[in-house]
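Engineer: The structure under discussion is supplied below as structure tokens; questions concerning it will follow.
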Amino acid sequence: MEQNQQENIVFSIEKIYIKDISYEAPSVPSAFIQSQNAAAEIGIQLGVEHGALNPEQGIYEVALTVTATAKREGKNLFLAEVKQAGIFRISGVEGDTLQRALEISCSNVLLPFVRETINDLVGKGGFPQLLINPINFETLYDQKQAAQANPPSIN
């Protein structure tokens with residue numbers, strides 16, 4: 001019986017696309033000609049959002065937003081933000097298993113696409129290649145669930 005249930009689980013990628021993209025380089029061109037001895041401080045932030053497009057058919061949209069910033073000596077060098085999205089067909093699971101698929105599995109599918117787009121934006125902006133390290137979406141999901149289960153108390 002359990003194997004039968006496993007065979008009814010569907011996870012497929014229907015479409016991958018860029019939903020939103022932004023690039024700013026407020027310190028250019030002076031950033032290229034000033035002293036570059038100080039290393040840039042790189043910051044990466046990410047967010048995952050998802051919603052049902054057609055839950056009866058198991059169609060969901062998941063969007064992974066990555067914001068990369070670089071600062072040197074207190075000045076913003078660049079800000080690149082990409083919202084990489086996908087349409088996924090997921091059926092045969094529900095509850096926490098569905099949430100984990102949306103936030104972990106789908107994000108893992110989207111990460112290489114958003115990584116390439118951020119790298120291209122930064123490179124085309126004249127800055128050195130920016131490679132985003134692998135991200136453990138499972139740990140992030142577990143931390144998010146723990147934070148929701150134990151909200152901070154207000155004293």
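To be explicit about the labels: the chains of the structure tokens are called A, B, and onward in the order shown, and within each one the residues are counted from 1, while ligands get numbers from 1 in the order they are shown.
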Where in segment 43-153 of chain A does DSSP assign alpha helix (DSSP H), given as a VMD selection string?

Structural biologist: chain A and resid 95 to 100 106 to 124 137 to 149

Engineer: Write the residues you've just listed into a file as a short mmCIF file (atom, residue, chain, number, x, y, z; two decimals), in the first residue's frame, and include N, CA and C atoms for each of them.

Structural biologist:
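Output file part_16.cif follows:
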data_model
loop_
_atom_site.label_atom_id
_atom_site.label_comp_id
_atom_site.auth_asym_id
_atom_site.auth_seq_id
_atom_site.Cartn_x
_atom_site.Cartn_y
_atom_site.Cartn_z
N GLY A 95 -0.17 19.01 3.64
CA GLY A 95 0.31 19.43 4.95
C GLY A 95 1.77 19.83 4.94
N ASP A 96 2.50 19.38 5.96
CA ASP A 96 3.91 19.74 6.12
C ASP A 96 4.75 19.23 4.95
N THR A 97 4.41 18.07 4.41
CA THR A 97 5.17 17.52 3.29
C THR A 97 5.05 18.43 2.08
N LEU A 98 3.86 18.96 1.82
CA LEU A 98 3.67 19.90 0.72
C LEU A 98 4.44 21.19 0.98
N GLN A 99 4.37 21.71 2.20
CA GLN A 99 5.10 22.94 2.53
C GLN A 99 6.60 22.75 2.36
N ARG A 100 7.11 21.61 2.77
CA ARG A 100 8.54 21.32 2.61
C ARG A 100 8.92 21.24 1.14
N CYS A 106 11.50 23.12 -4.26
CA CYS A 106 11.35 24.10 -5.33
C CYS A 106 12.46 25.16 -5.26
N SER A 107 12.82 25.58 -4.06
CA SER A 107 13.90 26.56 -3.91
C SER A 107 15.23 25.99 -4.41
N ASN A 108 15.47 24.72 -4.15
CA ASN A 108 16.69 24.08 -4.66
C ASN A 108 16.71 24.05 -6.19
N VAL A 109 15.55 23.90 -6.81
CA VAL A 109 15.46 23.93 -8.27
C VAL A 109 15.76 25.34 -8.79
N LEU A 110 15.23 26.36 -8.11
CA LEU A 110 15.36 27.75 -8.56
C LEU A 110 16.75 28.35 -8.31
N LEU A 111 17.46 27.87 -7.28
CA LEU A 111 18.73 28.47 -6.89
C LEU A 111 19.75 28.58 -8.02
N PRO A 112 20.01 27.56 -8.81
CA PRO A 112 21.01 27.72 -9.88
C PRO A 112 20.63 28.81 -10.89
N PHE A 113 19.35 28.98 -11.15
CA PHE A 113 18.91 30.01 -12.09
C PHE A 113 19.15 31.40 -11.53
N VAL A 114 18.76 31.62 -10.27
CA VAL A 114 18.94 32.93 -9.66
C VAL A 114 20.42 33.22 -9.45
N ARG A 115 21.20 32.21 -9.13
CA ARG A 115 22.65 32.37 -8.95
C ARG A 115 23.29 32.86 -10.25
N GLU A 116 22.92 32.26 -11.35
CA GLU A 116 23.48 32.66 -12.65
C GLU A 116 23.06 34.09 -13.01
N THR A 117 21.81 34.44 -12.75
CA THR A 117 21.32 35.77 -13.10
C THR A 117 22.01 36.85 -12.28
N ILE A 118 22.15 36.63 -10.97
CA ILE A 118 22.86 37.59 -10.11
C ILE A 118 24.30 37.75 -10.59
N ASN A 119 24.97 36.65 -10.86
CA ASN A 119 26.35 36.69 -11.32
C ASN A 119 26.47 37.47 -12.62
N ASP A 120 25.55 37.25 -13.55
CA ASP A 120 25.56 37.98 -14.83
C ASP A 120 25.35 39.48 -14.61
N LEU A 121 24.38 39.85 -13.77
CA LEU A 121 24.11 41.26 -13.50
C LEU A 121 25.35 41.96 -12.93
N VAL A 122 25.94 41.35 -11.93
CA VAL A 122 27.10 41.95 -11.28
C VAL A 122 28.27 42.05 -12.26
N GLY A 123 28.50 41.00 -13.02
CA GLY A 123 29.58 41.00 -14.00
C GLY A 123 29.37 42.03 -15.10
N LYS A 124 28.14 42.14 -15.59
CA LYS A 124 27.85 43.13 -16.63
C LYS A 124 27.89 44.55 -16.08
N PHE A 137 18.29 24.98 2.28
CA PHE A 137 16.91 25.41 2.46
C PHE A 137 16.18 24.60 3.52
N GLU A 138 16.63 23.38 3.75
CA GLU A 138 16.00 22.55 4.78
C GLU A 138 16.23 23.16 6.16
N THR A 139 17.45 23.59 6.43
CA THR A 139 17.76 24.23 7.71
C THR A 139 16.98 25.52 7.86
N LEU A 140 16.91 26.32 6.78
CA LEU A 140 16.16 27.58 6.84
C LEU A 140 14.68 27.33 7.12
N TYR A 141 14.12 26.29 6.49
CA TYR A 141 12.72 25.95 6.71
C TYR A 141 12.50 25.53 8.17
N ASP A 142 13.38 24.69 8.69
CA ASP A 142 13.26 24.23 10.08
C ASP A 142 13.36 25.42 11.05
N GLN A 143 14.27 26.36 10.78
CA GLN A 143 14.41 27.54 11.63
C GLN A 143 13.14 28.40 11.57
N LYS A 144 12.57 28.54 10.38
CA LYS A 144 11.34 29.32 10.22
C LYS A 144 10.19 28.67 11.01
N GLN A 145 10.08 27.35 10.91
CA GLN A 145 9.03 26.63 11.63
C GLN A 145 9.21 26.76 13.14
N ALA A 146 10.45 26.66 13.61
CA ALA A 146 10.73 26.79 15.04
C ALA A 146 10.41 28.19 15.52
N ALA A 147 10.71 29.20 14.72
CA ALA A 147 10.41 30.59 15.10
C ALA A 147 8.91 30.82 15.17
N GLN A 148 8.16 30.20 14.26
CA GLN A 148 6.69 30.35 14.29
C GLN A 148 6.07 29.61 15.46
N ALA A 149 6.68 28.49 15.85
CA ALA A 149 6.16 27.70 16.97
C ALA A 149 6.45 28.38 18.31
#

Engineer: Assign secondary structure with DSSP using the backbone only, and return the residues of chain A in strand (DSSP E or B) as a count of residues only.

Structural biologist: 60

Engineer: Contacts of Val48 of chain A at 7 Å or less, counting only C-alpha atoms, minus same-chain residues fewer than 3 places along, as a tab-separated table (two decimals) with all heavy atoms, in the first residue's frame?

Structural biologist:
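In the end it all went to part_23.tsv:
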chain	number	residue	atom	x	y	z
A	63	ALA	N	8.50	31.55	-5.67
A	63	ALA	CA	9.44	32.60	-6.05
A	63	ALA	C	10.55	32.68	-5.02
A	63	ALA	O	10.29	32.77	-3.81
A	63	ALA	CB	8.73	33.94	-6.18
A	64	LEU	N	11.79	32.64	-5.50
A	64	LEU	CA	12.98	32.77	-4.66
A	64	LEU	C	13.59	34.13	-4.97
A	64	LEU	O	13.98	34.39	-6.10
A	64	LEU	CB	13.97	31.64	-4.97
A	64	LEU	CG	15.33	31.69	-4.28
A	64	LEU	CD1	15.18	31.61	-2.77
A	64	LEU	CD2	16.22	30.57	-4.78
A	65	THR	N	13.62	35.00	-3.96
A	65	THR	CA	14.20	36.33	-4.14
A	65	THR	C	15.56	36.37	-3.49
A	65	THR	O	15.71	36.01	-2.32
A	65	THR	CB	13.30	37.41	-3.51
A	65	THR	OG1	12.00	37.33	-4.10
A	65	THR	CG2	13.87	38.80	-3.74
A	103	GLU	N	8.92	24.94	-0.19
A	103	GLU	CA	9.97	25.82	0.31
A	103	GLU	C	11.39	25.25	0.19
A	103	GLU	O	12.34	26.01	0.13
A	103	GLU	CB	9.69	26.20	1.77
A	103	GLU	CG	8.44	27.05	1.87
A	103	GLU	CD	8.34	27.85	3.15
A	103	GLU	OE1	9.38	28.11	3.77
A	103	GLU	OE2	7.21	28.22	3.49

Engineer: If we count only C-alpha atoms and set the cut-off at 10 Å, which residues sit around segment 28-30 of chain A, ignoring sequence neighbours fewer than 5 positions away in its own chain? Please answer as a PyMOL selection string.

Structural biologist: chain A and resi 35+76-78+125-126

Engineer: Name the closest residue to Gly51 of chain A among the candidates A:Leu102, A:Ala38, A:Ile90, A:Leu130; distances are taken between atoms, counting only C-alpha atoms.

Structural biologist: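 Closest to Gly51 of chain A of all the choices is A:Leu102.
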
Engineer: In Å, rounded to a single decimal, give me how far atom CA of Glu61 of chain A is from atom CA of Leu79 of chain A.

Structural biologist: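 Straight-line distance from atom CA of Leu79 of chain A to atom CA of Glu61 of chain A works out to 25.3 Å.
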
Engineer: Excluding same-chain residues fewer than 3 positions from Asp20 of chain A, what lies within 10 Å of it counting only C-alpha atoms, as a PyMOL selection string?

Structural biologist: chain A and resi 17+63+65+81-85

Engineer: Which distance in Å separates atom CA of Leu46 of chain A and atom CA of Ser27 of chain A, to one decimal?

Structural biologist: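 The value is 23.6 Å.
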
Engineer: For a quick check of understanding, using only C-alpha atoms, which of A:Val10, A:Ile132, A:Ile87, A:Ile44 has the smallest distance to Thr67 of chain A?

Structural biologist: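 Looking at the shortest contact to Thr67 of chain A, the residue is A:Ile44.
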
Engineer: Which one is closest to Ile21 of chain A: A:Val66, A:Ala39, A:Ile104, A:Ile33? Count only C-alpha atoms.

Structural biologist: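 Ranking A:Val66, A:Ala39, A:Ile104, A:Ile33 by distance to Ile21 of chain A, first place goes to A:Val66.
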
Engineer: Measure the distance from atom CA of Gly74 of chain A to atom CA of Pro128 of chain A in Å and round it to one decimal.

Structural biologist: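 So the answer is 18.7 Å.
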
Engineer: A:Asn133, A:Glu73, A:Ala101, A:Ile18: which is nearest Asn37 of chain A, counting only C-alpha atoms?

Structural biologist: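 Using only C-alpha atoms, Asn37 of chain A sits closest to A:Glu73.
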